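Here is the file upload.txt (compact mmCIF, C-alpha atoms and all ligand atoms).
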# COMPACT_ATOMS: atom_id res chain seq x y z
CA MET F 1 -19.26 2.45 9.03
CA SER F 2 -19.82 -0.14 11.74
CA ASP F 3 -20.92 -2.72 9.13
CA ALA F 4 -17.79 -2.10 7.07
CA ILE F 5 -15.65 -2.64 10.16
CA ASP F 6 -17.48 -5.88 11.04
CA ALA F 7 -17.28 -7.09 7.43
CA VAL F 8 -13.58 -7.86 7.98
CA ASN F 9 -12.74 -10.90 10.11
CA TRP F 10 -9.80 -9.25 11.86
CA GLY F 11 -8.97 -12.44 13.75
CA ALA F 12 -8.45 -14.20 10.43
CA VAL F 13 -6.09 -11.51 9.10
CA PRO F 14 -2.55 -12.81 9.64
CA GLY F 15 -0.23 -11.00 12.01
CA HIS F 16 2.71 -11.79 14.27
CA PRO F 17 1.09 -13.53 17.27
CA GLY F 18 3.44 -11.80 19.70
CA TRP F 19 2.46 -8.34 18.52
CA TYR F 20 -0.81 -8.27 16.58
CA GLU F 21 -3.98 -7.98 18.69
CA PRO F 22 -6.95 -8.32 16.30
CA ALA F 23 -9.51 -7.25 18.93
CA ARG F 24 -7.88 -3.82 19.04
CA VAL F 25 -8.61 -3.18 15.36
CA ALA F 26 -12.41 -3.45 15.38
CA ARG F 27 -12.65 -1.68 18.74
CA GLY F 28 -10.24 1.04 17.68
CA LEU F 29 -11.89 1.68 14.32
CA ARG F 30 -15.35 1.84 15.89
CA ALA F 31 -14.12 4.21 18.60
CA LEU F 32 -12.37 6.40 16.03
CA ALA F 33 -15.46 6.54 13.79
CA ASP F 34 -17.56 7.60 16.81
CA ALA F 35 -14.97 9.93 18.38
CA ALA F 36 -16.42 13.37 19.07
CA ASN F 37 -13.41 15.04 20.67
CA LEU F 38 -9.64 14.99 20.96
CA VAL F 39 -9.49 12.62 23.94
CA GLN F 40 -11.73 10.00 22.34
CA ALA F 41 -9.79 10.20 19.08
CA ALA F 42 -6.51 9.78 20.98
CA GLU F 43 -7.86 6.74 22.86
CA ALA F 44 -9.01 5.14 19.62
CA GLY F 45 -5.64 5.98 18.08
CA SER F 46 -3.76 4.22 20.85
CA LEU F 47 -5.85 1.06 20.38
CA LEU F 48 -5.01 1.01 16.69
CA GLY F 49 -1.44 2.20 17.11
CA GLY F 50 -0.48 -0.08 20.00
CA GLY F 51 -0.95 -3.51 18.44
CA GLY F 52 -4.02 -2.98 16.22
CA ILE F 53 -2.74 -2.03 12.79
CA VAL F 54 0.72 -0.88 13.82
CA HIS F 55 2.87 -1.19 16.91
CA GLY F 56 4.08 2.36 17.23
CA HIS F 57 6.84 1.83 19.80
CA SER F 58 8.64 -0.73 17.67
CA ALA F 59 7.59 0.89 14.34
CA ALA F 60 6.05 -2.36 13.08
CA VAL F 61 3.09 -2.55 10.69
CA PHE F 62 0.68 -5.49 10.50
CA PRO F 63 -1.20 -6.86 7.46
CA ALA F 64 -4.39 -5.56 9.13
CA ALA F 65 -3.26 -2.04 8.21
CA ALA F 66 -3.89 -2.77 4.52
CA PHE F 67 -7.47 -3.82 5.30
CA ALA F 68 -8.04 -0.92 7.70
CA ALA F 69 -6.72 1.71 5.25
CA PRO F 70 -10.01 2.22 3.32
CA LEU F 71 -11.90 2.44 6.63
CA LEU F 72 -9.44 5.02 7.99
CA LEU F 73 -9.94 7.01 4.79
CA ASP F 74 -13.72 6.89 5.32
CA ILE F 75 -13.16 8.19 8.85
CA ALA F 76 -10.90 10.92 7.48
CA LYS F 77 -13.76 11.95 5.23
CA GLN F 78 -16.71 11.68 7.61
CA GLY F 79 -15.28 11.81 11.11
CA HIS F 80 -14.63 14.51 13.67
CA PRO F 81 -11.59 16.69 12.79
CA ALA F 82 -9.65 15.07 15.65
CA ALA F 83 -10.55 11.61 14.30
CA ARG F 84 -9.49 12.71 10.83
CA ASP F 85 -6.07 13.83 12.10
CA THR F 86 -5.65 10.55 14.00
CA ALA F 87 -6.65 8.52 10.92
CA LEU F 88 -4.17 10.38 8.70
CA GLY F 89 -1.45 9.97 11.32
CA LEU F 90 -2.08 6.22 11.51
CA LEU F 91 -1.99 5.87 7.72
CA ASP F 92 1.31 7.72 7.66
CA GLU F 93 2.70 5.50 10.41
CA ALA F 94 1.48 2.34 8.67
CA LEU F 95 3.07 3.37 5.37
CA SER F 96 6.44 4.13 6.97
CA SER F 97 6.73 1.21 9.42
CA TYR F 98 8.26 -2.19 8.66
CA PRO F 99 6.40 -5.54 8.74
CA HIS F 100 7.51 -8.59 10.71
CA ALA F 101 9.13 -11.46 8.78
CA GLY F 102 6.47 -13.88 7.56
CA TYR F 103 3.78 -11.17 7.71
CA THR F 104 5.00 -8.80 5.03
CA ARG F 105 2.38 -9.30 2.29
CA VAL F 106 -1.38 -9.30 1.75
CA THR F 107 -3.81 -10.62 -0.85
CA THR F 108 -5.59 -7.89 -2.81
CA PRO F 109 -8.15 -7.85 -5.66
CA TYR F 110 -5.27 -6.98 -8.03
CA GLY F 111 -2.84 -9.66 -6.87
CA ALA F 112 -1.64 -12.03 -4.17
CA ALA F 113 1.41 -11.47 -1.98
CA VAL F 114 1.44 -7.69 -2.43
CA PRO F 115 3.78 -5.84 -0.02
CA ILE F 116 1.71 -4.21 2.77
CA CYS F 117 3.07 -0.72 1.98
CA CYS F 118 2.06 -1.01 -1.68
CA ALA F 119 -1.44 -2.24 -0.74
CA ILE F 120 -1.87 0.78 1.57
CA ALA F 121 -0.57 3.10 -1.16
CA HIS F 122 -3.16 1.68 -3.55
CA HIS F 123 -5.96 2.73 -1.18
CA LEU F 124 -4.45 6.20 -0.75
CA ARG F 125 -4.28 6.70 -4.53
CA ALA F 126 -7.90 5.57 -4.87
CA ARG F 127 -8.88 8.48 -2.58
CA ALA F 128 -6.57 11.08 -4.15
CA VAL F 129 -9.29 13.75 -4.43
CA LEU F 130 -10.20 13.39 -0.76
CA LEU F 131 -6.56 13.50 0.39
CA ALA F 132 -5.66 16.44 -1.85
CA GLY F 133 -8.43 18.37 -0.12
CA LEU F 134 -7.15 17.60 3.38
CA GLY F 135 -4.28 20.06 3.44
CA LYS F 136 -0.56 19.45 3.88
CA ARG F 137 -0.93 16.12 5.62
CA GLY F 138 -3.19 14.63 2.95
CA LYS F 139 -0.91 15.85 0.18
CA ALA F 140 2.17 14.45 1.92
CA LEU F 141 0.47 11.05 2.17
CA LEU F 142 -0.31 11.13 -1.55
CA ALA F 143 3.29 12.01 -2.37
CA ASP F 144 4.52 9.12 -0.20
CA ALA F 145 2.03 6.75 -1.82
CA ALA F 146 3.29 7.65 -5.32
CA GLU F 147 6.67 6.07 -4.48
CA HIS F 148 4.92 2.69 -4.17
CA TRP F 149 4.35 2.41 -7.91
CA ARG F 150 2.69 -0.57 -9.55
CA PHE F 151 2.91 -1.63 -13.18
CA GLU F 152 0.61 -4.20 -14.80
CA ILE F 153 2.16 -5.92 -17.79
CA ARG F 154 -0.06 -6.04 -20.86
CA GLU F 155 2.33 -6.67 -23.74
CA CYS F 156 6.04 -7.25 -24.33
CA VAL F 157 8.35 -6.72 -27.29
CA ALA F 158 11.95 -7.96 -27.49
CA ASP F 159 14.51 -5.20 -28.04
CA GLY F 160 18.04 -6.56 -28.36
CA ASN F 161 18.94 -8.11 -25.01
CA ASP F 162 16.13 -6.19 -23.33
CA THR F 163 12.37 -6.24 -23.38
CA ALA F 164 10.06 -3.27 -23.82
CA VAL F 165 7.05 -3.81 -21.60
CA PHE F 166 3.76 -1.99 -22.17
CA GLY F 167 1.07 -1.66 -19.54
CA ALA F 168 -0.60 0.45 -16.89
CA LEU F 169 1.44 2.40 -14.35
CA ALA F 170 -0.02 3.57 -11.03
CA GLY F 171 2.05 5.92 -8.90
CA CYS F 172 5.34 7.37 -10.05
CA PHE F 173 8.25 5.36 -11.49
CA PRO F 174 11.41 7.17 -10.33
CA ASP F 175 14.11 8.43 -12.70
CA GLY F 176 16.93 6.03 -13.48
CA VAL F 177 17.37 2.28 -13.32
CA HIS F 178 15.77 0.35 -10.45
CA ALA F 179 15.25 -3.20 -9.27
CA ALA F 180 11.66 -4.37 -9.50
CA GLU F 181 9.75 -7.32 -8.16
CA LEU F 182 7.90 -9.36 -10.77
CA ASN F 183 4.77 -10.75 -9.14
CA LEU F 184 2.80 -13.42 -10.97
CA ALA F 185 -0.11 -14.90 -9.00
CA GLY F 186 1.76 -14.40 -5.74
CA GLU F 187 5.05 -15.90 -6.94
CA PHE F 188 7.74 -13.27 -7.12
CA THR F 189 11.23 -12.80 -8.54
CA VAL F 190 13.46 -9.74 -8.73
CA LEU F 191 14.37 -8.02 -11.99
CA ASP F 192 17.65 -6.18 -11.40
CA GLU F 193 17.37 -3.40 -13.97
CA VAL F 194 14.14 -1.68 -14.97
CA ALA F 195 13.73 1.87 -16.28
CA LEU F 196 10.88 4.00 -17.55
CA GLU F 197 11.19 4.05 -21.33
CA TYR F 198 8.49 6.66 -21.89
CA PRO F 199 5.00 7.41 -20.73
CA LEU F 200 2.78 6.53 -23.67
CA THR F 201 0.07 9.14 -23.47
CA GLU F 202 -0.13 12.45 -21.67
CA GLY F 203 -2.54 12.21 -18.75
CA SER F 204 -3.06 8.44 -19.02
CA HIS F 205 -1.66 5.58 -16.97
CA GLU F 206 -0.27 3.81 -20.02
CA ALA F 207 3.51 3.53 -19.90
CA CYS F 208 6.44 1.60 -21.30
CA LEU F 209 9.23 0.15 -19.17
CA ARG F 210 12.54 -1.27 -20.36
CA VAL F 211 13.56 -4.46 -18.57
CA MET F 212 17.27 -5.04 -19.13
CA GLY F 213 18.69 -8.48 -19.83
CA ARG F 214 15.34 -10.28 -19.85
CA HIS F 215 13.39 -11.76 -22.74
CA PRO F 216 9.62 -11.40 -23.24
CA GLY F 217 8.95 -14.98 -22.16
CA GLU F 218 10.08 -14.03 -18.64
CA LEU F 219 7.56 -11.18 -18.44
CA PRO F 220 4.10 -12.68 -18.92
CA PRO F 221 1.06 -10.47 -19.50
CA GLY F 222 -0.98 -10.23 -16.31
CA ALA F 223 2.10 -10.12 -14.09
CA THR F 224 2.63 -7.04 -11.93
CA LEU F 225 5.81 -5.13 -11.06
CA PHE F 226 6.43 -3.42 -7.72
CA PRO F 227 9.49 -1.59 -6.31
CA ALA F 228 11.91 -4.34 -5.25
CA GLU F 229 12.73 -2.54 -1.99
CA CYS F 230 9.08 -2.77 -0.89
CA GLY F 231 9.23 -6.55 -1.12
CA GLU F 232 12.41 -6.60 0.95
CA LEU F 233 11.20 -4.46 3.86
CA VAL F 234 11.28 -6.44 7.07
CA HIS F 235 11.29 -5.45 10.70
ZN ZN R 1 5.50 -0.39 -1.27

Reformat the file's structure so that it appears as structure tokens.
Ligand SMILES: [Zn+2]
Amino acid sequence: MSDAIDAVNWGAVPGHPGWYEPARVARGLRALADAANLVQAAEAGSLLGGGGIVHGHSAAVFPAAAFAAPLLLDIAKQGHPAARDTALGLLDEALSSYPHAGYTRVTTPYGAAVPICCAIAHHLRARAVLLAGLGKRGKALLADAAEHWRFEIRECVADGNDTAVFGALAGCFPDGVHAAELNLAGEFTVLDEVALEYPLTEGSHEACLRVMGRHPGELPPGATLFPAECGELVH
């Protein structure tokens, strides 16, 4: 656990200099991993929640939260019950807080300039079995994470003025027409009208979206779509 915490150079993770205190992250995560009672878990939680990964009083989230999320999930799995509750509480806070302007996105293995909330949601989905087994709180986190859907474009077909886009959907695309952010190698634009055409196969992540008023050339394979509102969140 300690190695995984030290493997991240928290000082190099961007964050608003007036609010983000990188030293709090490593100290807080270590203290939370080692916490053996309620008081120790609360102390670790206040390090992380008072300028480490979020600033609770102003409801701001830092990019560090996206990198801390898998470590908090490890703590939720292995730690003391009080540490587990603190970790889940921090993940919930991180997912629902707003980032500061200029510090709203992170680089991930599946794309650059990904909104912090969507990067956190990705980690939550990756640990769905763990969270589903952690009672109401774990299940609520999973439900929240599903709203931060992600769609990877594989193939496009023109359909009148629209384009049918085939690819892999993670999370849950909501009913109706929604604005989506098209992210290609960290460059992003907003598509005003996107709807779920149909899920391709029962039980798989394959899906088809309809992008209104755009032609296939505007929707290159390899690009990723996110909820537009996630890209617009700012403190
Ligand atoms: Zn999001």

Given a cut-off of 9 Å, what residues near ligand ZN 1 (chain R) show up using all atoms listed in the file, put as a PyMOL selection string?
chain F and resi 95+114-121+145+147-150+226-231+233

Okay, now the selection with C-alpha atoms, as an mmCIF file, in the frame of the given file?
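Output contents, as saved in result16.cif:
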data_model
loop_
_atom_site.group_PDB
_atom_site.id
_atom_site.type_symbol
_atom_site.label_atom_id
_atom_site.label_comp_id
_atom_site.auth_asym_id
_atom_site.auth_seq_id
_atom_site.Cartn_x
_atom_site.Cartn_y
_atom_site.Cartn_z
ATOM 1 C CA LEU F 95 3.070 3.370 5.370
ATOM 2 C CA VAL F 114 1.440 -7.690 -2.430
ATOM 3 C CA PRO F 115 3.780 -5.840 -0.020
ATOM 4 C CA ILE F 116 1.710 -4.210 2.770
ATOM 5 C CA CYS F 117 3.070 -0.720 1.980
ATOM 6 C CA CYS F 118 2.060 -1.010 -1.680
ATOM 7 C CA ALA F 119 -1.440 -2.240 -0.740
ATOM 8 C CA ILE F 120 -1.870 0.780 1.570
ATOM 9 C CA ALA F 121 -0.570 3.100 -1.160
ATOM 10 C CA ALA F 145 2.030 6.750 -1.820
ATOM 11 C CA GLU F 147 6.670 6.070 -4.480
ATOM 12 C CA HIS F 148 4.920 2.690 -4.170
ATOM 13 C CA TRP F 149 4.350 2.410 -7.910
ATOM 14 C CA ARG F 150 2.690 -0.570 -9.550
ATOM 15 C CA PHE F 226 6.430 -3.420 -7.720
ATOM 16 C CA PRO F 227 9.490 -1.590 -6.310
ATOM 17 C CA ALA F 228 11.910 -4.340 -5.250
ATOM 18 C CA GLU F 229 12.730 -2.540 -1.990
ATOM 19 C CA CYS F 230 9.080 -2.770 -0.890
ATOM 20 C CA GLY F 231 9.230 -6.550 -1.120
ATOM 21 C CA LEU F 233 11.200 -4.460 3.860
#

Which of F:Pro199, F:Pro221, F:Gly171, F:Pro63 sits closest to F:Tyr103 [using all atoms listed in the file]:
F:Pro63

Quick one: residues within 7 Å of stretch 188-197 of chain F, all atoms listed in the file counted, chain neighbours fewer than 2 positions away excluded, as a list in words?
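Non-adjacent residues within range: Phe173, Gly176, Val177, His178, Ala179, Ala180, Glu181, Leu182, Asn183, Leu184, Gly186, Cys208, Leu209, Arg210, Val211, Met212 and Ala228 of chain F.
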
Would you please work out which residue, of F:Ser97, F:Thr224, F:Ser204, F:Asn37, is nearest to F:His80 when using only C-alpha atoms?
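The shortest atom-to-atom distance to F:His80 comes from F:Asn37.
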
Shell around F:Arg137 at 12 Å using all atoms listed in the file, local window under 4 positions removed, as a PDB file with C-alpha atoms, in the frame of the given file:
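Everything below was put into selection18.pdb:
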ATOM      1  CA  ALA F  76     -10.900  10.920   7.480  1.00  0.00           C
ATOM      2  CA  ARG F  84      -9.490  12.710  10.830  1.00  0.00           C
ATOM      3  CA  ASP F  85      -6.070  13.830  12.100  1.00  0.00           C
ATOM      4  CA  THR F  86      -5.650  10.550  14.000  1.00  0.00           C
ATOM      5  CA  ALA F  87      -6.650   8.520  10.920  1.00  0.00           C
ATOM      6  CA  LEU F  88      -4.170  10.380   8.700  1.00  0.00           C
ATOM      7  CA  GLY F  89      -1.450   9.970  11.320  1.00  0.00           C
ATOM      8  CA  LEU F  90      -2.080   6.220  11.510  1.00  0.00           C
ATOM      9  CA  LEU F  91      -1.990   5.870   7.720  1.00  0.00           C
ATOM     10  CA  ASP F  92       1.310   7.720   7.660  1.00  0.00           C
ATOM     11  CA  LEU F 130     -10.200  13.390  -0.760  1.00  0.00           C
ATOM     12  CA  LEU F 131      -6.560  13.500   0.390  1.00  0.00           C
ATOM     13  CA  ALA F 132      -5.660  16.440  -1.850  1.00  0.00           C
ATOM     14  CA  GLY F 133      -8.430  18.370  -0.120  1.00  0.00           C
ATOM     15  CA  LEU F 141       0.470  11.050   2.170  1.00  0.00           C
ATOM     16  CA  LEU F 142      -0.310  11.130  -1.550  1.00  0.00           C
ATOM     17  CA  ALA F 143       3.290  12.010  -2.370  1.00  0.00           C
ATOM     18  CA  ASP F 144       4.520   9.120  -0.200  1.00  0.00           C
TER      19      ASP F 144
END

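The interatomic distance for the pair atom CA of F:His235 and atom CA of F:His100 works out to 4.9 Å.
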
Non-local contacts of F:Glu152 (8 Å; only C-alpha atoms; under 2 positions in same chain excluded) as a PyMOL selection string
chain F and resi 150+154+167-169+221-225

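The space between atom CA of F:Arg27 and atom CA of F:Asp3 spans 12.7 Å.
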
How far is it from atom CA of F:Ala42 to atom CA of F:Ala59, in Å with one decimal?
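So the answer is 17.9 Å.
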
For F:Thr104, which residue out of F:Gly203, F:Pro220, F:Gly15, F:Gly49 is the nearest one, using only C-alpha atoms?
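For F:Thr104, the nearest of the given residues is F:Gly15.
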
Counting all atoms listed in the file, the residue among F:Ala140, F:Ala12, F:Ala83, F:Ile53 that lies closest to F:Ala69 is F:Ile53

With only C-alpha atoms as the basis for distance, which of F:Val54, F:Ala128, F:Leu71, F:Ala60 is at the shortest distance from F:Ala33?
F:Leu71

For a quick check of understanding, using all atoms listed in the file, which of F:Val61, F:Leu73, F:Ala36, F:Arg125 has the smallest distance to F:Ala146?
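Result for the nearest residue to F:Ala146: F:Arg125.
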
When you look at F:Leu32 with a cut-off of 7 Å (counting all atoms listed in the file), what residues show up, excluding the ones that are within fewer than 4 positions of it in the same chain? I need them as a compact mmCIF listing (two decimals) with C-alpha atoms, in the coordinates of the input.
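Result saved to out.txt:
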# COMPACT_ATOMS: atom_id res chain seq x y z
CA GLY F 28 -10.24 1.04 17.68
CA ALA F 41 -9.79 10.20 19.08
CA ALA F 44 -9.01 5.14 19.62
CA ALA F 83 -10.55 11.61 14.30

Fewer than 3 positions away in the same chain doesn't count, so skip those; otherwise give me all residues within 10 Å of F:Val157, counting only C-alpha atoms, as an MDAnalysis selection string.
chainID F and resid 160 162:166 210 215:217 219

Writer output for current selection, C-alpha atoms, as an mmCIF file, in the coordinates of the input:
data_model
loop_
_atom_site.group_PDB
_atom_site.id
_atom_site.type_symbol
_atom_site.label_atom_id
_atom_site.label_comp_id
_atom_site.auth_asym_id
_atom_site.auth_seq_id
_atom_site.Cartn_x
_atom_site.Cartn_y
_atom_site.Cartn_z
ATOM 1 C CA GLY F 160 18.040 -6.560 -28.360
ATOM 2 C CA ASP F 162 16.130 -6.190 -23.330
ATOM 3 C CA THR F 163 12.370 -6.240 -23.380
ATOM 4 C CA ALA F 164 10.060 -3.270 -23.820
ATOM 5 C CA VAL F 165 7.050 -3.810 -21.600
ATOM 6 C CA PHE F 166 3.760 -1.990 -22.170
ATOM 7 C CA ARG F 210 12.540 -1.270 -20.360
ATOM 8 C CA HIS F 215 13.390 -11.760 -22.740
ATOM 9 C CA PRO F 216 9.620 -11.400 -23.240
ATOM 10 C CA GLY F 217 8.950 -14.980 -22.160
ATOM 11 C CA LEU F 219 7.560 -11.180 -18.440
#
